[in-house]
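Shown next: structure.txt, given as compact mmCIF, C-alpha atoms.
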# COMPACT_ATOMS: atom_id res chain seq x y z
CA MET A 1177 62.21 -8.46 -7.96
CA ALA A 1178 59.05 -6.36 -7.71
CA ARG A 1179 56.94 -5.92 -10.80
CA VAL A 1180 56.56 -2.48 -12.37
CA PRO A 1181 53.36 -0.50 -11.59
CA THR A 1182 50.04 -1.30 -13.24
CA ASP A 1183 50.67 1.55 -15.68
CA PRO A 1184 54.13 0.64 -16.99
CA THR A 1185 54.47 3.88 -18.92
CA GLN A 1186 55.10 5.67 -15.59
CA ASP A 1187 58.19 3.54 -14.93
CA PRO A 1188 61.43 5.00 -16.37
CA ARG A 1189 62.80 1.51 -17.04
CA ALA A 1190 59.68 0.52 -18.97
CA ARG A 1191 59.85 3.68 -21.04
CA GLN A 1192 63.51 3.11 -21.85
CA LEU A 1193 62.85 -0.49 -22.83
CA LEU A 1194 59.91 0.53 -25.01
CA ARG A 1195 61.97 3.27 -26.67
CA THR A 1196 64.81 0.83 -27.36
CA LEU A 1197 62.53 -1.96 -28.57
CA ILE A 1198 60.65 0.25 -31.01
CA GLY A 1199 63.90 1.78 -32.27
CA ARG A 1200 65.36 -1.69 -32.92
CA TYR A 1201 62.13 -2.91 -34.54
CA ILE A 1202 61.96 0.13 -36.86
CA ARG A 1203 65.59 -0.46 -37.83
CA ASP A 1204 65.53 -4.25 -38.32
CA GLY A 1205 61.88 -5.20 -38.86
CA GLU A 1206 62.22 -8.23 -36.56
CA PRO A 1207 60.56 -8.91 -33.18
CA VAL A 1208 62.93 -7.89 -30.39
CA GLY A 1209 63.78 -10.30 -27.56
CA SER A 1210 64.81 -9.69 -23.97
CA GLN A 1211 68.42 -10.68 -24.62
CA THR A 1212 68.75 -8.03 -27.33
CA LEU A 1213 67.23 -5.42 -25.03
CA ALA A 1214 69.56 -6.45 -22.21
CA ARG A 1215 72.50 -5.65 -24.49
CA HIS A 1216 71.20 -2.39 -25.98
CA ALA A 1217 68.80 -0.71 -23.51
CA GLY A 1218 71.54 0.56 -21.21
CA LEU A 1219 69.77 -0.71 -18.07
CA ASP A 1220 71.51 -2.55 -15.25
CA VAL A 1221 68.77 -5.12 -14.78
CA SER A 1222 68.53 -8.86 -15.37
CA ALA A 1223 66.95 -10.50 -18.39
CA ALA A 1224 64.21 -11.85 -16.10
CA THR A 1225 63.32 -8.32 -14.99
CA ILE A 1226 63.24 -7.21 -18.62
CA ARG A 1227 60.88 -10.07 -19.46
CA ASN A 1228 58.58 -9.03 -16.61
CA ILE A 1229 58.53 -5.43 -17.80
CA LEU A 1230 57.86 -6.52 -21.37
CA GLY A 1231 54.98 -8.63 -20.09
CA ASP A 1232 53.47 -5.56 -18.43
CA LEU A 1233 53.91 -3.52 -21.62
CA GLU A 1234 52.17 -6.27 -23.56
CA GLU A 1235 49.30 -6.40 -21.06
CA ALA A 1236 48.96 -2.62 -21.48
CA GLY A 1237 48.45 -3.10 -25.22
CA LEU A 1238 51.73 -1.46 -26.21
CA LEU A 1239 53.50 -4.60 -27.45
CA THR A 1240 52.52 -7.84 -29.09
CA ALA A 1241 54.30 -11.17 -29.61
CA PRO A 1242 53.75 -12.84 -32.99
CA HIS A 1243 54.71 -16.24 -31.50
CA THR A 1244 55.03 -17.54 -27.95
CA SER A 1245 58.79 -17.93 -28.12
CA ALA A 1246 59.48 -14.92 -30.32
CA GLY A 1247 60.38 -11.43 -29.29
CA ARG A 1248 57.92 -8.57 -29.22
CA MET A 1249 56.91 -5.84 -31.63
CA PRO A 1250 55.01 -2.56 -31.09
CA THR A 1251 51.28 -2.16 -31.57
CA ALA A 1252 49.68 0.99 -32.98
CA GLN A 1253 49.14 2.07 -29.36
CA GLY A 1254 52.83 1.49 -28.68
CA TYR A 1255 53.82 3.58 -31.66
CA ARG A 1256 51.46 6.33 -30.46
CA LEU A 1257 53.15 6.50 -27.05
CA PHE A 1258 56.53 6.41 -28.80
CA VAL A 1259 55.87 9.38 -31.11
CA ASP A 1260 54.03 11.38 -28.44
CA SER A 1261 56.45 11.13 -25.54
CA LEU A 1262 59.51 8.97 -26.24
CA LEU A 1263 60.72 10.17 -29.63
CA GLN A 1264 63.56 12.66 -29.85
CA VAL A 1265 63.23 14.65 -33.08
CA LYS A 1266 66.04 16.84 -34.37
CA PRO A 1267 65.69 19.56 -37.03
CA LEU A 1268 66.43 18.57 -40.60
CA PRO A 1269 70.13 19.13 -41.41
CA GLU A 1270 70.73 22.49 -43.08
CA GLY A 1271 72.10 20.87 -46.22
CA GLU A 1272 68.78 19.09 -46.82
CA VAL A 1273 66.82 22.29 -46.16
CA VAL A 1274 69.01 23.98 -48.80
CA ARG A 1275 68.14 21.16 -51.19
CA LEU A 1276 64.43 21.69 -50.54
CA ARG A 1277 64.75 25.42 -51.21
CA SER A 1278 66.70 24.85 -54.42
CA GLU A 1279 64.06 22.47 -55.77
CA LEU A 1280 61.06 24.50 -54.58
CA PRO A 1281 61.97 27.99 -55.82
CA PRO A 1282 59.49 30.87 -55.63
CA GLY A 1283 57.68 31.74 -58.84
CA SER A 1284 57.64 28.19 -60.20
CA GLY A 1285 53.86 28.02 -60.53
CA THR A 1286 51.53 26.08 -58.29
CA GLN A 1287 51.39 22.77 -60.19
CA ALA A 1288 55.16 22.64 -60.61
CA LEU A 1289 55.69 23.38 -56.91
CA LEU A 1290 53.20 20.74 -55.77
CA GLY A 1291 54.64 18.11 -58.10
CA SER A 1292 58.18 18.85 -56.95
CA ALA A 1293 57.15 18.82 -53.29
CA SER A 1294 55.47 15.41 -53.51
CA GLU A 1295 58.46 13.98 -55.41
CA LEU A 1296 60.89 15.38 -52.84
CA LEU A 1297 58.90 14.02 -49.90
CA SER A 1298 58.94 10.59 -51.53
CA ALA A 1299 62.63 10.72 -52.44
CA MET A 1300 63.74 11.91 -49.00
CA THR A 1301 61.70 9.36 -47.02
CA HIS A 1302 61.40 6.47 -49.54
CA PHE A 1303 57.66 6.40 -48.98
CA VAL A 1304 54.64 8.13 -50.61
CA GLY A 1305 54.65 11.92 -50.79
CA VAL A 1306 51.23 13.62 -50.82
CA VAL A 1307 50.30 17.29 -51.19
CA SER A 1308 46.78 18.70 -51.27
CA VAL A 1309 46.13 21.27 -53.98
CA PRO A 1310 45.12 24.77 -52.83
CA ARG A 1311 41.60 25.77 -53.76
CA ARG A 1312 41.55 28.14 -56.69
CA GLU A 1313 39.32 30.61 -54.85
CA GLN A 1314 42.21 31.25 -52.45
CA PHE A 1315 44.10 32.97 -55.27
CA ALA A 1316 43.40 36.25 -57.00
CA PHE A 1317 43.00 36.29 -60.77
CA ARG A 1318 45.06 38.54 -63.00
CA ARG A 1319 43.11 38.38 -66.20
CA ILE A 1320 40.12 36.67 -67.74
CA ASP A 1321 39.07 36.25 -71.37
CA PHE A 1322 36.01 34.63 -72.91
CA VAL A 1323 35.78 32.89 -76.29
CA PRO A 1324 32.46 31.68 -77.73
CA VAL A 1325 32.51 27.95 -78.53
CA ASP A 1326 28.96 27.32 -79.75
CA SER A 1327 25.43 28.52 -79.04
CA GLU A 1328 25.45 27.55 -75.34
CA ARG A 1329 29.10 27.12 -74.41
CA VAL A 1330 31.89 29.61 -73.68
CA LEU A 1331 35.59 29.00 -73.12
CA ALA A 1332 36.94 31.01 -70.17
CA ILE A 1333 40.72 31.54 -69.98
CA VAL A 1334 41.74 32.60 -66.46
CA VAL A 1335 45.23 33.66 -65.39
CA PHE A 1336 45.67 33.53 -61.61
CA ALA A 1337 48.09 35.42 -59.38
CA ASP A 1338 50.26 32.32 -58.89
CA ASN A 1339 50.91 32.21 -62.66
CA GLU A 1340 48.56 29.28 -63.25
CA VAL A 1341 46.34 29.37 -66.34
CA GLN A 1342 43.06 27.49 -66.40
CA ASN A 1343 40.77 26.90 -69.34
CA ARG A 1344 37.18 26.19 -68.38
CA ILE A 1345 34.21 25.42 -70.59
CA ILE A 1346 31.06 26.92 -69.09
CA GLN A 1347 27.47 26.23 -70.05
CA THR A 1348 25.33 29.31 -70.69
CA ARG A 1349 21.57 29.74 -70.77
CA ARG A 1350 21.68 31.57 -74.10
CA GLN A 1351 24.10 32.46 -76.86
CA PHE A 1352 26.59 35.24 -76.13
CA GLU A 1353 27.96 37.39 -78.93
CA ALA A 1354 31.72 37.97 -79.05
CA GLY A 1355 31.20 41.66 -78.28
CA GLU A 1356 29.18 40.89 -75.14
CA LEU A 1357 31.88 38.53 -73.90
CA GLU A 1358 34.55 41.15 -74.52
CA ARG A 1359 32.62 43.76 -72.52
CA VAL A 1360 32.16 41.35 -69.60
CA ALA A 1361 35.86 40.43 -69.64
CA ASN A 1362 36.90 44.09 -69.78
CA TYR A 1363 34.62 44.90 -66.85
CA LEU A 1364 35.94 42.03 -64.70
CA ASN A 1365 39.57 42.81 -65.55
CA ALA A 1366 39.16 46.52 -64.84
CA HIS A 1367 37.33 46.17 -61.53
CA PHE A 1368 38.40 42.85 -60.03
CA ALA A 1369 41.94 41.93 -61.14
CA GLY A 1370 43.97 41.20 -58.04
CA ARG A 1371 41.00 40.10 -55.92
CA PRO A 1372 40.11 36.54 -54.85
CA ALA A 1373 37.30 34.72 -56.59
CA SER A 1374 35.03 34.41 -53.55
CA GLU A 1375 35.15 38.18 -53.06
CA ILE A 1376 34.37 38.82 -56.74
CA ARG A 1377 31.19 36.74 -56.70
CA ALA A 1378 29.89 38.43 -53.56
CA THR A 1379 30.69 41.94 -54.85
CA LEU A 1380 29.05 41.33 -58.23
CA LEU A 1381 25.83 40.14 -56.62
CA HIS A 1382 25.81 43.15 -54.30
CA ASP A 1383 26.45 45.55 -57.19
CA LEU A 1384 23.73 43.93 -59.29
CA ARG A 1385 21.11 44.52 -56.60
CA SER A 1386 22.02 48.21 -56.28
CA ALA A 1387 22.83 49.01 -59.94
CA GLN A 1388 21.00 51.50 -62.09
CA SER A 1389 19.22 50.16 -65.15
CA GLU A 1390 22.04 50.99 -67.60
CA MET A 1391 24.48 48.81 -65.63
CA GLN A 1392 22.15 45.96 -64.84
CA ALA A 1393 22.49 44.16 -68.16
CA LEU A 1394 26.30 44.16 -68.04
CA LEU A 1395 26.36 43.14 -64.40
CA ALA A 1396 23.80 40.38 -64.97
CA ARG A 1397 25.95 38.95 -67.76
CA SER A 1398 29.04 39.27 -65.55
CA VAL A 1399 27.33 37.43 -62.70
CA GLU A 1400 26.12 34.64 -64.99
CA LEU A 1401 29.60 33.98 -66.38
CA ALA A 1402 31.67 34.71 -63.29
CA GLU A 1403 29.58 32.47 -61.02
CA GLN A 1404 30.57 29.50 -63.15
CA VAL A 1405 34.13 30.29 -64.10
CA LEU A 1406 35.15 31.43 -60.59
CA ALA A 1407 33.16 28.81 -58.70
CA PRO A 1408 35.08 26.68 -56.18
CA GLY A 1409 36.74 23.76 -57.92
CA SER A 1410 36.88 20.18 -56.75
CA ASP A 1411 39.54 19.21 -54.24
CA ASP A 1412 42.60 17.40 -55.48
CA MET A 1413 45.98 16.18 -54.35
CA VAL A 1414 49.31 15.22 -55.87
CA LEU A 1415 50.86 11.84 -55.05
CA ALA A 1416 54.35 10.51 -55.73
CA GLY A 1417 56.14 7.28 -54.91
CA GLN A 1418 53.23 4.87 -54.52
CA THR A 1419 55.30 2.00 -55.92
CA ARG A 1420 57.80 2.40 -53.07
CA LEU A 1421 55.30 0.62 -50.84
CA MET A 1422 55.19 -2.51 -52.96
CA GLY A 1423 58.43 -4.05 -51.69
CA LEU A 1424 57.78 -3.59 -47.97
CA ASN A 1425 57.29 -6.71 -45.85
CA GLU A 1426 54.68 -4.92 -43.72
CA LEU A 1427 52.51 -4.43 -46.80
CA SER A 1428 53.04 -7.81 -48.43
CA ASP A 1429 49.34 -8.76 -48.24
CA LEU A 1430 48.23 -8.28 -51.85
CA ASP A 1431 44.58 -7.68 -50.99
CA ARG A 1432 45.51 -5.00 -48.44
CA LEU A 1433 47.94 -3.42 -50.91
CA ARG A 1434 45.26 -3.40 -53.63
CA GLU A 1435 42.83 -1.62 -51.27
CA LEU A 1436 45.50 0.95 -50.48
CA PHE A 1437 46.20 1.65 -54.15
CA ASP A 1438 42.46 1.90 -54.83
CA ALA A 1439 42.30 4.57 -52.10
CA PHE A 1440 45.17 6.41 -53.79
CA ALA A 1441 43.27 6.32 -57.09
CA ARG A 1442 39.99 7.52 -55.57
CA LYS A 1443 41.73 10.25 -53.54
CA ARG A 1444 38.49 11.21 -51.78
CA GLU A 1445 39.09 9.45 -48.45
CA ILE A 1446 42.71 10.59 -48.20
CA LEU A 1447 41.71 14.16 -49.03
CA GLN A 1448 39.11 14.07 -46.26
CA LEU A 1449 41.79 12.87 -43.87
CA LEU A 1450 44.13 15.67 -44.94
CA GLU A 1451 41.29 18.17 -44.52
CA ARG A 1452 41.05 17.17 -40.84
CA THR A 1453 44.58 18.50 -40.29
CA VAL A 1454 44.27 21.84 -42.11
CA SER A 1455 43.46 23.85 -38.99
CA ALA A 1456 45.80 21.90 -36.68
CA PRO A 1457 49.17 23.60 -36.20
CA GLY A 1458 52.36 21.65 -36.72
CA VAL A 1459 52.84 17.98 -37.48
CA GLN A 1460 49.96 15.52 -37.10
CA ILE A 1461 50.49 11.76 -37.10
CA PHE A 1462 47.89 9.08 -37.82
CA ILE A 1463 48.99 5.54 -37.02
CA GLY A 1464 47.15 2.56 -38.49
CA GLU A 1465 43.51 2.46 -37.49
CA GLU A 1466 43.68 6.05 -36.19
CA THR A 1467 43.05 7.16 -39.77
CA GLY A 1468 39.52 5.76 -39.57
CA LEU A 1469 40.01 4.37 -43.09
CA ALA A 1470 40.16 0.61 -43.60
CA PRO A 1471 42.65 0.77 -46.53
CA LEU A 1472 45.07 2.80 -44.38
CA GLU A 1473 44.98 0.56 -41.30
CA GLY A 1474 48.42 -0.85 -42.11
CA VAL A 1475 50.15 2.49 -42.68
CA SER A 1476 50.94 5.77 -40.96
CA LEU A 1477 50.39 9.29 -42.25
CA VAL A 1478 52.57 12.21 -41.12
CA THR A 1479 51.22 15.62 -42.17
CA ALA A 1480 51.77 19.35 -41.76
CA PRO A 1481 49.87 22.36 -43.19
CA TYR A 1482 51.61 24.75 -45.58
CA GLY A 1483 50.64 28.32 -46.33
CA ALA A 1484 51.65 31.88 -47.04
CA ASP A 1485 50.67 35.36 -45.83
CA GLY A 1486 49.14 33.84 -42.70
CA GLN A 1487 46.72 31.74 -44.77
CA VAL A 1488 46.77 27.93 -44.88
CA LEU A 1489 46.77 26.77 -48.50
CA GLY A 1490 46.86 23.02 -48.05
CA VAL A 1491 48.47 20.04 -46.34
CA LEU A 1492 51.44 17.89 -47.28
CA GLY A 1493 52.63 14.63 -45.82
CA VAL A 1494 54.14 11.19 -46.09
CA ILE A 1495 52.32 7.84 -46.17
CA GLY A 1496 54.39 4.83 -45.17
CA PRO A 1497 54.32 1.70 -43.02
CA THR A 1498 53.69 2.01 -39.30
CA ARG A 1499 57.28 0.79 -38.99
CA MET A 1500 58.69 4.01 -40.38
CA ALA A 1501 61.62 6.02 -39.03
CA TYR A 1502 59.46 8.74 -37.48
CA GLN A 1503 62.50 10.67 -36.24
CA ARG A 1504 63.51 11.02 -39.90
CA VAL A 1505 60.10 11.54 -41.51
CA ILE A 1506 58.79 14.18 -39.08
CA PRO A 1507 61.57 16.78 -39.68
CA VAL A 1508 61.34 16.21 -43.45
CA VAL A 1509 57.60 16.95 -43.38
CA GLN A 1510 58.11 19.97 -41.11
CA ALA A 1511 60.82 21.46 -43.31
CA ALA A 1512 58.99 20.74 -46.57
CA ALA A 1513 55.85 22.49 -45.30
CA SER A 1514 57.90 25.55 -44.29
CA VAL A 1515 59.84 25.73 -47.57
CA LEU A 1516 56.73 25.19 -49.72
CA GLY A 1517 55.04 28.07 -47.90
CA GLU A 1518 58.08 30.25 -48.58
CA ALA A 1519 57.93 29.30 -52.26
CA PHE A 1520 54.36 30.55 -52.57
CA GLY A 1521 55.43 33.71 -50.78
CA PRO A 1522 53.51 36.99 -50.80
CA GLN A 1523 51.00 37.05 -53.65
CA PRO A 1524 48.80 40.03 -54.55
CA GLY A 1525 45.22 39.47 -53.53
CA ARG A 1526 45.86 36.45 -51.39

Just dump the structure as structure tokens.
Amino acid sequence: MARVPTDPTQDPRARQLLRTLIGRYIRDGEPVGSQTLARHAGLDVSAATIRNILGDLEEAGLLTAPHTSAGRMPTAQGYRLFVDSLLQVKPLPEGEVVRLRSELPPGSGTQALLGSASELLSAMTHFVGVVSVPRREQFAFRRIDFVPVDSERVLAIVVFADNEVQNRIIQTRRQFEAGELERVANYLNAHFAGRPASEIRATLLHDLRSAQSEMQALLARSVELAEQVLAPGSDDMVLAGQTRLMGLNELSDLDRLRELFDAFARKREILQLLERTVSAPGVQIFIGEETGLAPLEGVSLVTAPYGADGQVLGVLGVIGPTRMAYQRVIPVVQAAASVLGEAFGPQPGR
């Protein structure tokens, strides 16, 4: 029997065997042998031919054998070919989409929505759900108030268009009287309510340069306070379900698991990885070392951007073992991103 071509991925039999092998390995977590494939691949070929094809797939870096006499299991490269060209993904069943909509209702407030979304992603996939937090400057503010704290500190209370309230302590260069703070707040509320923070800062600076003397003092105070209280905040994300990874055989190495949980705690590296997918449409999948992060080499990350009014607000996704049921996880992530965007819905000034 002739061997398959040098590039086995061009051979329909090799592709079918690879699809079947990865499907069985994802389901059972055990290396898959040629006899098992002969029974389940649906090919009318001998076990010897199957072994030859598997040997070619292994030489191509798509499979590996943990022991000489054992069956084979997919490599990260094998998983990549599987998700890119062999996987058949179906839309999430309507009943589960209805569940997502019922638990991510519009008007819930940003933090509540993000917390619910991460919990749902974890519950529906049994892995880690992750959602990046939208930057505050993407939202308009509804109202702002200032309260003097001491000689060089002011409490700013900001109500944003998505119903979130933030209290920020800002450091000032001099003491502000209560009356001054009230005039600044009244000016900002009268002229800028309903506009995004980045636009407010730029407009204030422009107005200050062109203002007449009687307005300059008020505008200067407004700029000093607004530049701090409406400055871009630090990035953040919401995680749920980290402990679900602790019982998985693929992540049984305690040192590797500790590194992964340290990365969860630091957040910075995972946020940078999520940021790489913000401008990419649809689902993105990072498998093992493709993340470029050592702590994530043993896991996969499936992500999709979410947004409203044509604007991307953030990214959500699922972190789990490379041996995850991608055909299940991908539609969950797709649907959750769509429903979360619907929940934010049209917002004034955004």

Closest atom pairs, residues of segment 1294-1388 of chain A within 12 Å of segment 1443-1459 of chain A, all atoms listed in the file, as a Markdown table:
| residue | atom | partner | partner_atom | distance |
| --- | --- | --- | --- | --- |
| A:Val1306 | CA | A:Ile1446 | CA | 9.4 |
| A:Val1307 | CA | A:Leu1450 | CA | 8.9 |
| A:Ser1308 | CA | A:Leu1447 | CA | 7.2 |
| A:Val1309 | CA | A:Leu1447 | CA | 9.7 |
| A:Pro1310 | CA | A:Val1454 | CA | 11.1 |
| A:Arg1311 | CA | A:Glu1451 | CA | 12.0 |

Fill in: Atomic separation - atom CA of His1243 of chain A relative to atom CA of Glu1206 of chain A, Å
12.1 Å

Discussion item. Under the rule that all atoms listed in the file are counted, which of A:Ala1501, A:Met1422, A:Leu1427, A:Ile1495 is the nearest residue to Phe1258 of chain A?
Written reply: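 Selected residue with least distance to Phe1258 of chain A: A:Ala1501.
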
Discussion item. So, with only C-alpha atoms as the atoms that count, which of A:Leu1297, A:Val1330, A:Leu1193, A:Ala1241 lies closest to Gly1493 of chain A?
Written reply: A:Leu1297

Worksheet item: What is the distance between atom CA of Arg1227 of chain A and atom CA of Ser1210 of chain A, in Å to one decimal?
Response: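 Between atom CA of Arg1227 of chain A and atom CA of Ser1210 of chain A the gap is 6.0 Å.
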
Worksheet item: atom CA of Ser1261 of chain A and atom CA of Thr1185 of chain A, how far apart in Å?
Response: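 Calculated distance between atom CA of Thr1185 of chain A and atom CA of Ser1261 of chain A is 10.0 Å.
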
With N, CA and C atoms as the goal, would you fill in the gaps in segment 1469-1494 of chain A and present it as an mmCIF file, in the coordinates of the input?
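In the end it all went to rebuild_15.cif:
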data_model
loop_
_atom_site.group_PDB
_atom_site.id
_atom_site.type_symbol
_atom_site.label_atom_id
_atom_site.label_comp_id
_atom_site.auth_asym_id
_atom_site.auth_seq_id
_atom_site.Cartn_x
_atom_site.Cartn_y
_atom_site.Cartn_z
ATOM 1 N N LEU A 1469 40.209 4.871 -41.734
ATOM 2 C CA LEU A 1469 40.010 4.370 -43.090
ATOM 3 C C LEU A 1469 40.566 2.955 -43.182
ATOM 4 N N ALA A 1470 39.731 2.000 -43.544
ATOM 5 C CA ALA A 1470 40.160 0.610 -43.600
ATOM 6 C C ALA A 1470 41.394 0.391 -44.485
ATOM 7 N N PRO A 1471 41.466 1.000 -45.694
ATOM 8 C CA PRO A 1471 42.650 0.770 -46.530
ATOM 9 C C PRO A 1471 43.949 1.276 -45.920
ATOM 10 N N LEU A 1472 43.863 2.212 -44.967
ATOM 11 C CA LEU A 1472 45.070 2.800 -44.380
ATOM 12 C C LEU A 1472 45.409 2.202 -43.014
ATOM 13 N N GLU A 1473 44.753 1.111 -42.638
ATOM 14 C CA GLU A 1473 44.980 0.560 -41.300
ATOM 15 C C GLU A 1473 46.402 0.017 -41.130
ATOM 16 N N GLY A 1474 47.071 -0.309 -42.217
ATOM 17 C CA GLY A 1474 48.420 -0.850 -42.110
ATOM 18 C C GLY A 1474 49.513 0.181 -42.318
ATOM 19 N N VAL A 1475 49.150 1.458 -42.407
ATOM 20 C CA VAL A 1475 50.150 2.490 -42.680
ATOM 21 C C VAL A 1475 50.012 3.645 -41.696
ATOM 22 N N SER A 1476 50.998 4.529 -41.731
ATOM 23 C CA SER A 1476 50.940 5.770 -40.960
ATOM 24 C C SER A 1476 50.978 6.949 -41.909
ATOM 25 N N LEU A 1477 50.403 8.053 -41.472
ATOM 26 C CA LEU A 1477 50.390 9.290 -42.250
ATOM 27 C C LEU A 1477 50.924 10.413 -41.366
ATOM 28 N N VAL A 1478 51.973 11.077 -41.828
ATOM 29 C CA VAL A 1478 52.570 12.210 -41.120
ATOM 30 C C VAL A 1478 52.307 13.456 -41.947
ATOM 31 N N THR A 1479 51.623 14.459 -41.393
ATOM 32 C CA THR A 1479 51.220 15.620 -42.170
ATOM 33 C C THR A 1479 51.601 16.930 -41.484
ATOM 34 N N ALA A 1480 51.609 17.993 -42.276
ATOM 35 C CA ALA A 1480 51.770 19.350 -41.760
ATOM 36 C C ALA A 1480 51.120 20.312 -42.748
ATOM 37 N N PRO A 1481 50.465 21.376 -42.277
ATOM 38 C CA PRO A 1481 49.870 22.360 -43.190
ATOM 39 C C PRO A 1481 50.953 23.269 -43.766
ATOM 40 N N TYR A 1482 50.724 23.750 -44.986
ATOM 41 C CA TYR A 1482 51.610 24.750 -45.580
ATOM 42 C C TYR A 1482 50.776 25.960 -45.983
ATOM 43 N N GLY A 1483 51.392 27.125 -45.983
ATOM 44 C CA GLY A 1483 50.640 28.320 -46.330
ATOM 45 C C GLY A 1483 51.545 29.520 -46.498
ATOM 46 N N ALA A 1484 50.930 30.635 -46.825
ATOM 47 C CA ALA A 1484 51.650 31.880 -47.040
ATOM 48 C C ALA A 1484 50.763 33.041 -46.621
ATOM 49 N N ASP A 1485 51.403 34.151 -46.228
ATOM 50 C CA ASP A 1485 50.670 35.360 -45.830
ATOM 51 C C ASP A 1485 49.682 35.083 -44.697
ATOM 52 N N GLY A 1486 50.017 34.148 -43.812
ATOM 53 C CA GLY A 1486 49.140 33.840 -42.700
ATOM 54 C C GLY A 1486 47.926 33.014 -43.068
ATOM 55 N N GLN A 1487 47.869 32.511 -44.295
ATOM 56 C CA GLN A 1487 46.720 31.740 -44.770
ATOM 57 C C GLN A 1487 47.164 30.321 -45.103
ATOM 58 N N VAL A 1488 46.473 29.322 -44.564
ATOM 59 C CA VAL A 1488 46.770 27.930 -44.880
ATOM 60 C C VAL A 1488 46.253 27.620 -46.283
ATOM 61 N N LEU A 1489 47.134 27.091 -47.127
ATOM 62 C CA LEU A 1489 46.770 26.770 -48.500
ATOM 63 C C LEU A 1489 46.446 25.290 -48.681
ATOM 64 N N GLY A 1490 47.078 24.446 -47.897
ATOM 65 C CA GLY A 1490 46.860 23.020 -48.050
ATOM 66 C C GLY A 1490 47.673 22.242 -47.026
ATOM 67 N N VAL A 1491 47.765 20.941 -47.253
ATOM 68 C CA VAL A 1491 48.470 20.040 -46.340
ATOM 69 C C VAL A 1491 49.372 19.143 -47.166
ATOM 70 N N LEU A 1492 50.556 18.868 -46.653
ATOM 71 C CA LEU A 1492 51.440 17.890 -47.280
ATOM 72 C C LEU A 1492 51.803 16.821 -46.265
ATOM 73 N N GLY A 1493 52.288 15.690 -46.760
ATOM 74 C CA GLY A 1493 52.630 14.630 -45.820
ATOM 75 C C GLY A 1493 53.274 13.449 -46.482
ATOM 76 N N VAL A 1494 53.507 12.430 -45.665
ATOM 77 C CA VAL A 1494 54.140 11.190 -46.090
ATOM 78 C C VAL A 1494 53.290 10.022 -45.615
#
